[in-house]
$ cat my_file-v2.cif   # mmCIF, C-alpha atoms and all ligand atoms
data_coords
loop_
_atom_site.label_atom_id
_atom_site.label_comp_id
_atom_site.auth_asym_id
_atom_site.auth_seq_id
_atom_site.Cartn_x
_atom_site.Cartn_y
_atom_site.Cartn_z
CA MET A 2 -44.64 3.16 -12.17
CA GLU A 3 -42.21 0.80 -10.51
CA ASN A 4 -38.92 0.18 -12.28
CA MET A 5 -37.75 -3.25 -13.39
CA SER A 6 -35.11 -3.45 -10.72
CA ASP A 7 -37.74 -3.26 -7.94
CA ILE A 8 -39.61 -6.16 -9.53
CA GLU A 9 -36.43 -8.12 -10.08
CA ARG A 10 -35.25 -7.56 -6.52
CA ALA A 11 -38.62 -8.54 -5.02
CA VAL A 12 -38.82 -11.68 -7.18
CA ARG A 13 -35.29 -12.70 -6.23
CA ALA A 14 -36.07 -12.13 -2.55
CA ILE A 15 -38.70 -14.91 -2.57
CA ARG A 16 -37.12 -17.69 -0.54
CA GLU A 17 -38.20 -21.20 -1.45
CA ASP A 18 -36.68 -22.68 1.74
CA ARG A 19 -38.44 -20.22 4.05
CA LEU A 20 -41.79 -20.70 2.29
CA TRP A 21 -41.46 -24.49 2.51
CA GLN A 22 -40.42 -24.40 6.17
CA ARG A 23 -43.44 -22.24 6.99
CA HIS A 24 -45.69 -24.89 5.37
CA LEU A 25 -44.05 -27.57 7.52
CA ASP A 26 -44.46 -25.43 10.66
CA MET A 27 -48.14 -24.81 9.94
CA ALA A 28 -48.72 -28.50 9.07
CA ARG A 29 -47.87 -29.42 12.66
CA LEU A 30 -50.97 -27.55 13.85
CA GLY A 31 -53.71 -30.13 13.49
CA GLY A 32 -51.27 -32.53 11.84
CA THR A 33 -52.66 -36.06 11.28
CA PRO A 34 -50.78 -39.38 11.35
CA ARG A 35 -51.26 -39.74 7.58
CA GLY A 36 -49.40 -36.49 6.92
CA GLY A 37 -52.38 -34.23 6.43
CA VAL A 38 -54.12 -31.73 8.67
CA ASN A 39 -57.39 -31.47 10.55
CA ARG A 40 -57.59 -27.75 11.28
CA GLN A 41 -61.27 -26.98 11.01
CA ALA A 42 -62.59 -23.45 11.16
CA LEU A 43 -62.55 -21.77 14.59
CA SER A 44 -61.07 -24.81 16.33
CA PRO A 45 -58.10 -24.68 18.74
CA GLU A 46 -55.89 -25.70 15.79
CA ASP A 47 -57.20 -22.72 13.78
CA ALA A 48 -56.37 -20.45 16.74
CA ALA A 49 -52.86 -21.92 16.87
CA ALA A 50 -52.34 -21.19 13.16
CA ARG A 51 -53.55 -17.62 13.69
CA ASN A 52 -51.08 -17.17 16.55
CA LEU A 53 -48.20 -18.54 14.52
CA LEU A 54 -48.95 -16.28 11.55
CA MET A 55 -49.28 -13.27 13.87
CA SER A 56 -45.99 -14.07 15.60
CA TRP A 57 -44.20 -14.14 12.23
CA ALA A 58 -45.93 -10.90 11.21
CA ARG A 59 -45.04 -9.08 14.40
CA ALA A 60 -41.43 -10.22 14.12
CA ARG A 61 -41.30 -8.43 10.76
CA GLY A 62 -42.96 -5.28 12.06
CA PHE A 63 -46.16 -5.81 10.04
CA GLN A 64 -49.50 -4.81 11.56
CA VAL A 65 -52.10 -7.45 12.33
CA SER A 66 -55.84 -6.96 12.71
CA THR A 67 -59.02 -8.99 12.66
CA ASP A 68 -62.57 -8.08 11.69
CA ALA A 69 -66.02 -9.00 13.01
CA ILE A 70 -66.08 -12.44 11.33
CA GLY A 71 -62.47 -13.17 12.32
CA ASN A 72 -60.76 -12.57 8.98
CA LEU A 73 -57.10 -11.96 9.85
CA PHE A 74 -55.08 -9.27 8.06
CA VAL A 75 -51.31 -8.65 7.97
CA ARG A 76 -50.41 -5.25 6.56
CA ARG A 77 -47.23 -3.79 5.14
CA ASP A 78 -47.70 -0.07 4.76
CA GLY A 79 -47.29 1.75 1.46
CA THR A 80 -45.88 5.22 0.93
CA ASP A 81 -49.34 6.71 0.36
CA ALA A 82 -51.23 6.35 3.65
CA SER A 83 -54.58 7.17 2.01
CA ALA A 84 -54.28 4.65 -0.85
CA ARG A 85 -56.53 1.59 -0.93
CA PRO A 86 -54.61 -1.63 -0.19
CA VAL A 87 -53.92 -4.52 -2.50
CA LEU A 88 -54.84 -7.78 -0.81
CA SER A 89 -53.65 -11.36 -1.22
CA GLY A 90 -54.35 -14.52 0.71
CA SER A 91 -56.63 -17.51 1.15
CA HIS A 92 -57.58 -19.61 4.19
CA MET A 93 -55.93 -21.56 7.02
CA ASP A 94 -58.86 -23.83 7.93
CA SER A 95 -58.89 -27.31 6.44
CA GLN A 96 -61.18 -30.18 5.66
CA PRO A 97 -61.47 -32.79 8.47
CA THR A 98 -59.03 -34.95 6.50
CA GLY A 99 -57.35 -32.12 4.63
CA GLY A 100 -53.92 -31.54 3.16
CA ARG A 101 -51.08 -29.18 3.99
CA PHE A 102 -51.53 -26.83 1.05
CA ASP A 103 -55.22 -26.16 0.32
CA GLY A 104 -55.66 -22.58 1.49
CA MET A 105 -52.51 -22.42 3.59
CA TYR A 106 -50.39 -21.98 0.46
CA GLY A 107 -52.28 -18.80 -0.50
CA VAL A 108 -51.79 -17.31 2.96
CA LEU A 109 -48.12 -18.25 3.15
CA ALA A 110 -47.43 -17.11 -0.43
CA ALA A 111 -48.95 -13.72 0.40
CA PHE A 112 -46.90 -13.53 3.59
CA GLU A 113 -43.74 -14.54 1.72
CA ALA A 114 -44.47 -11.76 -0.78
CA LEU A 115 -44.63 -9.23 2.08
CA GLU A 116 -41.38 -10.57 3.51
CA ALA A 117 -39.68 -10.46 0.10
CA LEU A 118 -40.73 -6.83 -0.42
CA GLU A 119 -39.38 -6.07 3.04
CA ASP A 120 -36.11 -7.97 2.52
CA ALA A 121 -35.56 -6.32 -0.86
CA GLY A 122 -36.31 -2.89 0.62
CA VAL A 123 -38.94 -2.31 -2.07
CA ALA A 124 -41.49 0.36 -1.18
CA THR A 125 -44.98 0.27 -2.70
CA ARG A 126 -47.36 3.17 -3.11
CA ARG A 127 -50.32 1.19 -1.82
CA PRO A 128 -50.26 -0.97 1.30
CA VAL A 129 -50.00 -4.68 0.53
CA GLU A 130 -51.89 -6.95 2.90
CA ALA A 131 -52.02 -10.68 3.44
CA VAL A 132 -55.34 -12.15 4.57
CA ALA A 133 -56.47 -15.44 6.10
CA TRP A 134 -60.23 -15.61 5.48
CA THR A 135 -62.34 -17.34 8.13
CA ASN A 136 -64.02 -20.69 7.37
CA GLU A 137 -63.42 -21.18 3.67
CA GLU A 138 -63.92 -24.93 3.76
CA GLY A 139 -67.46 -24.98 5.08
CA SER A 140 -67.03 -28.50 6.37
CA ARG A 141 -67.70 -27.61 10.02
CA PHE A 142 -69.87 -24.51 9.56
CA GLN A 143 -71.85 -23.98 6.36
CA PRO A 144 -71.65 -22.09 4.08
CA GLY A 145 -67.99 -22.17 3.11
CA ALA A 146 -66.07 -19.10 1.94
CA MET A 147 -67.90 -17.46 4.81
CA GLY A 148 -65.34 -14.86 5.93
CA SER A 149 -64.90 -13.50 2.43
CA GLY A 150 -68.66 -13.77 1.86
CA VAL A 151 -69.38 -11.62 4.92
CA PHE A 152 -66.61 -9.19 3.95
CA ALA A 153 -68.24 -8.80 0.54
CA GLY A 154 -71.76 -8.40 1.94
CA HIS A 155 -72.86 -11.65 0.30
CA TYR A 156 -73.84 -13.04 3.74
CA ALA A 157 -75.15 -11.10 6.76
CA LEU A 158 -72.84 -11.21 9.78
CA THR A 159 -75.70 -11.90 12.23
CA ASP A 160 -76.93 -14.86 10.16
CA MET A 161 -73.45 -16.36 10.07
CA LEU A 162 -72.85 -15.91 13.81
CA ALA A 163 -76.01 -17.97 14.40
CA VAL A 164 -74.88 -20.89 12.22
CA LYS A 165 -74.33 -24.12 14.15
CA ASP A 166 -71.86 -26.91 13.42
CA TRP A 167 -72.90 -30.57 13.23
CA LYS A 168 -72.55 -30.82 17.03
CA GLY A 169 -74.73 -27.76 17.69
CA VAL A 170 -71.90 -25.31 18.53
CA ARG A 171 -72.82 -21.75 17.52
CA LEU A 172 -70.31 -20.12 15.19
CA GLY A 173 -70.47 -16.88 17.20
CA ASP A 174 -69.34 -18.77 20.33
CA ALA A 175 -66.54 -20.57 18.50
CA LEU A 176 -65.41 -17.22 17.08
CA VAL A 177 -65.30 -15.57 20.51
CA GLN A 178 -63.23 -18.49 21.83
CA THR A 179 -60.89 -18.43 18.85
CA LEU A 180 -60.28 -14.69 19.08
CA ALA A 181 -59.72 -14.96 22.84
CA ALA A 182 -57.08 -17.62 22.17
CA ALA A 183 -55.58 -15.67 19.24
CA PRO A 184 -56.25 -12.01 19.99
CA ALA A 185 -55.60 -9.27 17.43
CA PRO A 186 -56.66 -5.62 17.26
CA ARG A 187 -60.18 -5.30 15.85
CA ARG A 188 -60.63 -3.68 12.47
CA GLY A 189 -63.90 -2.12 11.32
CA GLY A 190 -67.36 -2.44 12.81
CA ASN A 191 -70.06 -5.01 12.25
CA ALA A 192 -69.91 -4.57 8.51
CA PRO A 193 -66.40 -5.91 8.07
CA CYS A 194 -65.42 -4.40 4.76
CA PHE A 195 -62.92 -1.81 3.63
CA PRO A 196 -62.17 -0.60 0.12
CA LEU A 197 -59.70 -2.69 -1.85
CA ASP A 198 -57.75 -1.84 -4.96
CA GLY A 199 -57.07 -5.41 -6.03
CA TYR A 200 -57.06 -9.02 -4.84
CA VAL A 201 -54.87 -11.91 -5.98
CA GLU A 202 -55.16 -15.39 -4.48
CA ALA A 203 -52.56 -18.11 -4.94
CA HIS A 204 -53.73 -21.73 -4.56
CA ILE A 205 -52.77 -25.24 -5.50
CA GLU A 206 -54.81 -26.28 -8.52
CA GLN A 207 -56.60 -29.17 -6.74
CA GLY A 208 -56.99 -30.88 -10.10
CA PRO A 209 -54.67 -32.67 -12.53
CA ARG A 210 -54.49 -30.31 -15.53
CA LEU A 211 -51.25 -28.40 -14.84
CA GLU A 212 -49.37 -31.58 -13.95
CA ASP A 213 -50.76 -33.43 -16.99
CA VAL A 214 -49.34 -30.84 -19.40
CA ARG A 215 -46.24 -30.11 -17.29
CA THR A 216 -47.11 -26.47 -16.78
CA THR A 217 -46.06 -24.49 -13.71
CA ILE A 218 -48.47 -21.56 -13.57
CA GLY A 219 -52.23 -21.49 -14.07
CA CYS A 220 -53.52 -18.01 -14.93
CA VAL A 221 -57.02 -18.45 -13.55
CA THR A 222 -59.74 -16.86 -15.66
CA GLY A 223 -62.74 -17.59 -13.41
CA ILE A 224 -64.55 -20.01 -11.11
CA GLN A 225 -67.52 -22.22 -11.94
CA GLY A 226 -70.84 -21.54 -10.22
CA SER A 227 -71.88 -23.67 -7.27
CA ARG A 228 -74.96 -24.49 -5.23
CA ARG A 229 -75.41 -26.31 -1.93
CA PHE A 230 -78.58 -27.94 -0.73
CA MET A 231 -79.76 -29.93 2.26
CA VAL A 232 -82.36 -32.63 1.73
CA GLU A 233 -84.39 -33.69 4.73
CA ILE A 234 -86.52 -36.82 4.72
CA LEU A 235 -88.99 -37.60 7.49
CA GLY A 236 -90.29 -41.12 8.01
CA GLU A 237 -91.38 -42.89 11.13
CA GLU A 238 -89.24 -44.68 13.71
CA ALA A 239 -90.30 -48.29 14.22
CA HIS A 240 -89.03 -51.58 15.61
CA ALA A 241 -86.61 -53.27 13.19
CA GLY A 242 -87.65 -56.77 14.21
CA THR A 243 -91.40 -56.49 14.18
CA THR A 244 -92.50 -53.89 11.65
CA PRO A 245 -93.63 -55.36 8.30
CA ARG A 246 -92.22 -53.75 5.16
CA ALA A 247 -95.62 -52.35 4.07
CA ALA A 248 -96.03 -50.55 7.38
CA ARG A 249 -92.65 -48.86 7.31
CA LYS A 250 -91.83 -45.26 6.54
CA ASP A 251 -88.09 -45.81 6.35
CA ALA A 252 -86.36 -42.48 5.79
CA PHE A 253 -83.11 -44.15 4.73
CA VAL A 254 -84.82 -46.26 2.06
CA ALA A 255 -86.37 -43.08 0.66
CA ALA A 256 -83.00 -41.29 0.86
CA VAL A 257 -81.24 -44.04 -1.11
CA ALA A 258 -83.90 -43.92 -3.84
CA ILE A 259 -83.78 -40.13 -4.01
CA ALA A 260 -79.99 -40.04 -4.01
CA SER A 261 -79.65 -42.58 -6.80
CA ALA A 262 -82.28 -40.82 -8.92
CA MET A 263 -80.32 -37.60 -8.43
CA GLN A 264 -77.06 -39.29 -9.42
CA ALA A 265 -78.70 -40.47 -12.65
CA ALA A 266 -80.29 -37.07 -13.36
CA THR A 267 -76.99 -35.23 -12.95
CA CYS A 268 -74.90 -37.62 -15.03
CA ASP A 269 -73.32 -35.36 -17.66
CA PRO A 270 -71.81 -37.09 -20.72
CA GLU A 271 -69.31 -34.21 -20.96
CA ASP A 272 -68.41 -34.61 -17.27
CA THR A 273 -68.65 -30.89 -16.61
CA LEU A 274 -71.50 -30.94 -14.11
CA ARG A 275 -70.29 -31.94 -10.63
CA PHE A 276 -72.67 -33.54 -8.13
CA THR A 277 -71.63 -34.72 -4.67
CA ILE A 278 -73.44 -36.02 -1.60
CA GLY A 279 -70.79 -35.56 1.07
CA HIS A 280 -72.65 -35.61 4.36
CA VAL A 281 -75.39 -37.99 5.41
CA ASP A 282 -77.04 -38.09 8.81
CA VAL A 283 -79.32 -40.99 9.76
CA GLN A 284 -81.47 -40.68 12.88
CA PRO A 285 -81.83 -42.01 15.48
CA GLY A 286 -78.79 -43.98 14.29
CA SER A 287 -79.67 -47.20 16.05
CA PRO A 288 -79.16 -50.58 14.32
CA ASN A 289 -82.52 -51.92 15.44
CA THR A 290 -84.73 -48.88 14.81
CA VAL A 291 -86.15 -48.06 11.36
CA PRO A 292 -84.66 -44.60 10.58
CA GLY A 293 -87.17 -41.80 11.12
CA ARG A 294 -85.11 -38.96 9.74
CA VAL A 295 -82.33 -38.65 7.18
CA SER A 296 -80.65 -35.49 5.97
CA PHE A 297 -77.97 -35.21 3.33
CA SER A 298 -75.99 -32.44 1.67
CA ILE A 299 -75.70 -31.76 -2.06
CA ASP A 300 -72.85 -29.84 -3.66
CA MET A 301 -73.48 -29.11 -7.36
CA ARG A 302 -71.26 -27.08 -9.70
CA HIS A 303 -71.12 -25.99 -13.33
CA PRO A 304 -69.76 -22.96 -15.20
CA ALA A 305 -73.21 -22.05 -16.62
CA THR A 306 -76.05 -20.67 -14.50
CA GLU A 307 -78.72 -22.10 -16.89
CA VAL A 308 -77.37 -25.62 -16.39
CA LEU A 309 -77.42 -25.19 -12.61
CA ASP A 310 -81.00 -23.85 -12.81
CA ALA A 311 -82.17 -26.76 -14.94
CA HIS A 312 -80.61 -29.36 -12.65
CA GLU A 313 -81.87 -27.68 -9.52
CA ALA A 314 -85.38 -28.03 -10.97
CA LYS A 315 -84.73 -31.76 -11.56
CA LEU A 316 -83.52 -32.26 -7.99
CA ARG A 317 -86.63 -30.56 -6.62
CA GLU A 318 -88.88 -32.76 -8.75
CA ILE A 319 -87.12 -35.92 -7.59
CA VAL A 320 -87.56 -34.93 -3.93
CA ALA A 321 -91.24 -34.15 -4.45
CA THR A 322 -92.08 -37.34 -6.33
CA MET A 323 -89.90 -40.01 -4.74
CA ALA A 324 -90.33 -39.35 -1.02
CA PRO A 325 -93.66 -41.18 -0.30
CA PRO A 326 -94.52 -42.79 2.02
CA CYS A 327 -92.06 -40.43 3.71
CA THR A 328 -92.14 -36.66 3.34
CA ALA A 329 -89.15 -34.72 2.11
CA SER A 330 -87.95 -31.19 1.53
CA ILE A 331 -84.95 -29.65 -0.18
CA GLY A 332 -83.48 -26.35 0.98
CA ARG A 333 -80.90 -24.31 -0.89
CA LEU A 334 -78.11 -23.17 1.43
CA THR A 335 -75.97 -21.25 -1.03
CA ALA A 336 -75.86 -20.17 -4.64
CA VAL A 337 -72.68 -18.63 -5.92
CA ALA A 338 -72.79 -17.40 -9.51
CA PRO A 339 -69.94 -18.23 -11.88
CA THR A 340 -67.06 -15.75 -11.45
CA VAL A 341 -65.16 -14.10 -14.29
CA PHE A 342 -61.86 -12.61 -13.15
CA ASP A 343 -60.67 -9.18 -14.21
CA PRO A 344 -58.91 -9.45 -17.59
CA ASP A 345 -56.26 -6.93 -16.52
CA VAL A 346 -55.32 -8.96 -13.44
CA VAL A 347 -55.31 -12.18 -15.48
CA ALA A 348 -53.02 -10.41 -17.97
CA LEU A 349 -50.68 -9.25 -15.19
CA VAL A 350 -50.38 -12.84 -13.92
CA ARG A 351 -49.74 -14.10 -17.46
CA GLU A 352 -47.13 -11.40 -18.12
CA ALA A 353 -45.33 -12.08 -14.85
CA ALA A 354 -45.20 -15.83 -15.58
CA GLN A 355 -44.02 -15.14 -19.13
CA ARG A 356 -41.38 -12.59 -18.08
CA GLN A 357 -40.02 -14.92 -15.40
CA GLY A 358 -39.79 -17.78 -17.89
CA TYR A 359 -42.39 -20.10 -16.34
CA SER A 360 -44.61 -22.28 -18.49
CA HIS A 361 -48.17 -21.07 -18.05
CA MET A 362 -51.72 -21.52 -19.31
CA ASP A 363 -55.09 -19.85 -18.84
CA MET A 364 -57.56 -22.06 -17.02
CA PRO A 365 -60.84 -21.90 -15.06
CA SER A 366 -61.11 -23.09 -11.47
CA GLY A 367 -63.23 -26.11 -10.64
CA ALA A 368 -62.97 -25.47 -6.90
CA GLY A 369 -64.53 -22.54 -5.09
CA HIS A 370 -62.27 -19.94 -3.54
CA ASP A 371 -62.59 -16.78 -1.47
CA ALA A 372 -61.69 -14.86 -4.63
CA MET A 373 -65.24 -15.51 -5.95
CA HIS A 374 -66.66 -13.23 -3.26
CA ILE A 375 -63.98 -10.57 -3.61
CA ALA A 376 -64.23 -10.35 -7.42
CA PRO A 377 -67.32 -8.07 -7.33
CA LEU A 378 -65.46 -5.64 -5.02
CA CYS A 379 -62.24 -4.98 -6.93
CA PRO A 380 -60.10 -6.27 -9.81
CA THR A 381 -59.39 -9.88 -8.83
CA GLY A 382 -57.42 -12.85 -10.10
CA MET A 383 -55.85 -16.12 -9.02
CA ILE A 384 -52.62 -18.02 -9.57
CA PHE A 385 -52.59 -21.84 -9.59
CA VAL A 386 -49.61 -24.13 -9.12
CA PRO A 387 -49.65 -27.91 -9.69
CA CYS A 388 -50.36 -30.42 -6.95
CA GLU A 389 -49.39 -34.07 -7.10
CA ARG A 390 -51.83 -36.12 -9.23
CA GLY A 391 -54.33 -33.32 -8.73
CA ILE A 392 -55.28 -34.79 -5.35
CA SER A 393 -56.80 -32.40 -2.80
CA HIS A 394 -59.27 -32.60 0.11
CA ASN A 395 -57.14 -35.56 1.11
CA GLU A 396 -54.36 -35.96 3.67
CA ILE A 397 -51.89 -37.04 0.97
CA GLU A 398 -52.24 -33.71 -0.91
CA ASN A 399 -48.75 -32.68 -2.04
CA ALA A 400 -46.90 -29.98 -3.99
CA THR A 401 -43.23 -29.26 -4.65
CA PRO A 402 -41.26 -26.48 -2.93
CA ALA A 403 -40.14 -25.28 -6.39
CA ASP A 404 -43.68 -24.93 -7.75
CA LEU A 405 -44.89 -23.18 -4.59
CA ALA A 406 -42.01 -20.72 -4.88
CA ALA A 407 -42.66 -20.18 -8.60
CA GLY A 408 -46.28 -19.23 -7.92
CA THR A 409 -45.11 -16.89 -5.17
CA ARG A 410 -42.65 -15.16 -7.50
CA VAL A 411 -45.45 -14.59 -9.98
CA LEU A 412 -47.61 -13.38 -7.10
CA VAL A 413 -45.10 -10.83 -5.80
CA GLU A 414 -44.61 -9.36 -9.27
CA THR A 415 -48.38 -9.12 -9.79
CA LEU A 416 -48.91 -7.53 -6.37
CA LEU A 417 -46.10 -5.05 -6.92
CA ARG A 418 -47.55 -3.91 -10.22
CA LEU A 419 -51.02 -3.55 -8.71
CA ALA A 420 -49.67 -1.76 -5.63
CA ASN A 421 -47.96 0.89 -7.73
CA ARG A 422 -50.88 1.55 -10.09
C1 LIG B 1 -63.54 -25.39 -1.56
O1 LIG B 1 -62.87 -26.13 -0.86
C2 LIG B 1 -64.54 -25.92 -2.44
O2 LIG B 1 -65.38 -26.70 -1.96
O3 LIG B 1 -64.49 -25.64 -3.65
MN MN B 2 -58.92 -23.78 -0.63
MN MN B 3 -60.72 -26.80 0.16
#
$ encode --input "my_file-v2.cif" --output "structure tokens" --more "lines below"
Ligand code: GLV
Ligand code: MN
Ligand code: MN
Amino acid sequence: MENMSDIERAVRAIREDRLWQRHLDMARLGGTPRGGVNRQALSPEDAAARNLLMSWARARGFQVSTDAIGNLFVRRDGTDASARPVLSGSHMDSQPTGGRFDGMYGVLAAFEALEALEDAGVATRRPVEAVAWTNEEGSRFQPGAMGSGVFAGHYALTDMLAVKDWKGVRLGDALVQTLAAAPAPRRGGNAPCFPLDGYVEAHIEQGPRLEDVRTTIGCVTGIQGSRRFMVEILGEEAHAGTTPRAARKDAFVAAVAIASAMQAATCDPEDTLRFTIGHVDVQPGSPNTVPGRVSFSIDMRHPATEVLDAHEAKLREIVATMAPPCTASIGRLTAVAPTVFDPDVVALVREAAQRQGYSHMDMPSGAGHDAMHIAPLCPTGMIFVPCERGISHNEIENATPADLAAGTRVLVETLLRLANR
């Protein structure tokens, strides 16, 4: 059992200025004119972020390694070489028009925790490791939360290596290029998993609740379930100037009808069910050709599996009945069950926030996180801090240095208690 002075010293060693500066340094990699980042998974900007993190890690004498799907680990040894590590982190990839904090905060908070332990000279029984999971966002390569999903055995490595981005680039090729540009010693074989003793992920809330009630720490109790689908509609290409309406099989007209019927069918008076069409592709994409093929993505989320099941059935019925004269199909890409975090880890987060004098509340997560895949492997939890107006997946995403540091202080205390269990 650690003594209070170890916890106190580690908490005091968290440096708000260093943590903030590291966010600014990372934000330059893929930085956009509007102040956000475009650092999509396995891009040159992702490789640059990996190199920067590794350079900081090596400067501190921490060990770096990467596994078969490119998850990047930074390890600070414990006193017991055979003990399972405690892990903390998130992701460094971003949305195409992403912010500076989504994902990156969790990686930098974990790294700051390692540095604080080092600066305070606090030894832990278990190793403590920071992780940057590959491709959490799923905007370039689907599905998202891929690195953690492969680590957890939720997705097969070979299937994921074969995934192509919207331009047809194979993930396996992008991974080889990224790891050549940001090389690290390889860890594990083709089943990239090792036993963990605990996992804690820090993240900005990405919603407005903490800010609304002026609360600094969210003790995250779980994550709502989510499903992704692709709808594909096939019509017939035809001349836009000559083809009468009755003779057309316009795939876009069918897509609009299907999409609006889906919007209506998923309208939830309680506003708990989330339904988003975020990617639409119209082919051949010529102004004077009737579209012959349209595909669009669906992202649907709710805390209850039964509700997701019922609405999936409705979506399928809409596709089957509303497509004619076109034909249409709906394919499910991912289904992630609702996650319930370990009550002991949630309690440790709550106790750390309480002991350090931060306002805190229990709350579920509306967004998906890598923690949802790690939760079946080991006791898992998350720590949320507020972000400005709850805005995320947007270049103007913002958070305060003080809140980021507060979450990191709660994180280091939680990690220290787990690492000495
Ligand atoms: C992660 O960014 C998600 O889509 O929830
Ligand atoms: Mn994220
Ligand atoms: Mn995100």
$ residues_around --input "my_file-v2.cif" --residues "Gly100 of chain A" --least-positions-apart "6" --cutoff "10 Å" --atoms "all atoms listed in the file" --output "list in words"
Ala28, Gly32, Thr33, Arg35, Gly36, Gly37, Val38, Asn39, Arg40, Ile392, Ser393, His394, Asn395, Glu396, Ile397, Glu398 and Asn399 of chain A
$ residues_near_ligand --input "my_file-v2.cif" --ligand "ligand LIG 1 (chain B)" --cutoff "8 Å" --atoms "only C-alpha atoms and all ligand atoms" --output "list in words"
Gln96, Asp103, Glu137, Glu138, Gly139, Gly145, Ala146, Gly367, Ala368, Gly369, His370 and His394 of chain A
$ closest_residue --input "my_file-v2.cif" --among "A:Ile218, A:Met93, A:Val129, A:Leu109" --to "ligand MN 2 (chain B)" --atoms "only C-alpha atoms and all ligand atoms"
A:Met93
$ closest_residue --input "my_file-v2.cif" --among "A:Pro292, A:Pro97, A:Gly79, A:Gly90" --to "Ala124 of chain A" --atoms "all atoms listed in the file"
A:Gly79
$ closest_residue --input "my_file-v2.cif" --among "A:Gly99, A:Gly31, A:Gly104, A:Gly150" --to "ligand MN 2 (chain B)" --atoms "all atoms listed in the file"
A:Gly104
$ closest_residue --input "my_file-v2.cif" --among "A:Asp120, A:Glu46, A:Glu318, A:Asp94" --to "Phe142 of chain A" --atoms "all atoms listed in the file"
A:Asp94
$ residues_around --input "my_file-v2.cif" --residues "segment 10-12 of chain A" --least-positions-apart "3" --cutoff "6 Å" --atoms "all atoms listed in the file" --output "VMD selection string"
chain A and resid 6 to 7 15 117 to 118 121 410
$ closest_residue --input "my_file-v2.cif" --among "A:Arg294, A:Lys250, A:Lys168, A:Arg317" --to "Phe230 of chain A" --atoms "all atoms listed in the file"
A:Arg317
$ closest_residue --input "my_file-v2.cif" --among "A:Glu233, A:Glu206, A:Glu238, A:Asp404" --to "ligand MN 3 (chain B)" --atoms "all atoms listed in the file"
A:Glu206
$ atom_distance --input "my_file-v2.cif" --atom1 "atom CA of Thr290 of chain A" --atom2 "atom CA of His240 of chain A"
5.1 Å
$ atom_distance --input "my_file-v2.cif" --atom1 "atom CA of Ala241 of chain A" --atom2 "atom CA of Ser296 of chain A"
20.1 Å
$ atom_distance --input "my_file-v2.cif" --atom1 "atom CA of Gly219 of chain A" --atom2 "atom CA of Ala203 of chain A"
9.7 Å
$ residues_around --input "my_file-v2.cif" --residues "Arg16 of chain A" --least-positions-apart "3" --cutoff "9 Å" --atoms "all atoms listed in the file" --output "PyMOL selection string"
chain A and resi 13+19-21+113+117+406
$ residues_around --input "my_file-v2.cif" --residues "His361 of chain A" --least-positions-apart "4" --cutoff "12 Å" --atoms "only C-alpha atoms" --output "ChimeraX atom specification"
/A:210-212,214-221,347-348,350-357,384-387,404,407-408,411
$ residues_around --input "my_file-v2.cif" --residues "Met105 of chain A" --least-positions-apart "6" --cutoff "9 Å" --atoms "all atoms listed in the file" --output "list in words"
His24, Met27, Gly90, Ser91, His92, Met93, Asp94, Ser95, Ala133 and His204 of chain A
$ residues_near_point --input "my_file-v2.cif" --point "(-71.9, -27.4, -17.9)" --cutoff "6 Å" --atoms "all atoms listed in the file" --output "ChimeraX atom specification"
/A:273-274,303-305,308
$ build_atoms --input "my_file-v2.cif" --residues "segment 87-96 of chain A" --atoms "N, CA and C atoms" --output "short mmCIF file (atom, residue, chain, number, x, y, z; two decimals), in the coordinates of the input"
data_model
loop_
_atom_site.label_atom_id
_atom_site.label_comp_id
_atom_site.auth_asym_id
_atom_site.auth_seq_id
_atom_site.Cartn_x
_atom_site.Cartn_y
_atom_site.Cartn_z
N VAL A 87 -53.82 -3.34 -1.65
CA VAL A 87 -53.92 -4.52 -2.50
C VAL A 87 -53.82 -5.72 -1.56
N LEU A 88 -54.70 -6.69 -1.75
CA LEU A 88 -54.84 -7.78 -0.81
C LEU A 88 -54.50 -9.11 -1.49
N SER A 89 -53.93 -10.02 -0.71
CA SER A 89 -53.65 -11.36 -1.22
C SER A 89 -53.75 -12.36 -0.09
N GLY A 90 -54.29 -13.51 -0.34
CA GLY A 90 -54.35 -14.52 0.71
C GLY A 90 -55.29 -15.63 0.33
N SER A 91 -55.72 -16.38 1.35
CA SER A 91 -56.63 -17.51 1.15
C SER A 91 -57.08 -17.93 2.55
N HIS A 92 -57.03 -19.20 2.89
CA HIS A 92 -57.58 -19.61 4.19
C HIS A 92 -56.65 -20.58 4.90
N MET A 93 -56.77 -20.65 6.23
CA MET A 93 -55.93 -21.56 7.02
C MET A 93 -56.74 -22.71 7.59
N ASP A 94 -58.06 -22.69 7.46
CA ASP A 94 -58.86 -23.83 7.93
C ASP A 94 -58.76 -24.94 6.89
N SER A 95 -59.02 -26.16 7.35
CA SER A 95 -58.89 -27.31 6.44
C SER A 95 -60.14 -28.18 6.51
N GLN A 96 -60.20 -29.11 5.59
CA GLN A 96 -61.18 -30.18 5.66
C GLN A 96 -60.84 -31.07 6.87
#
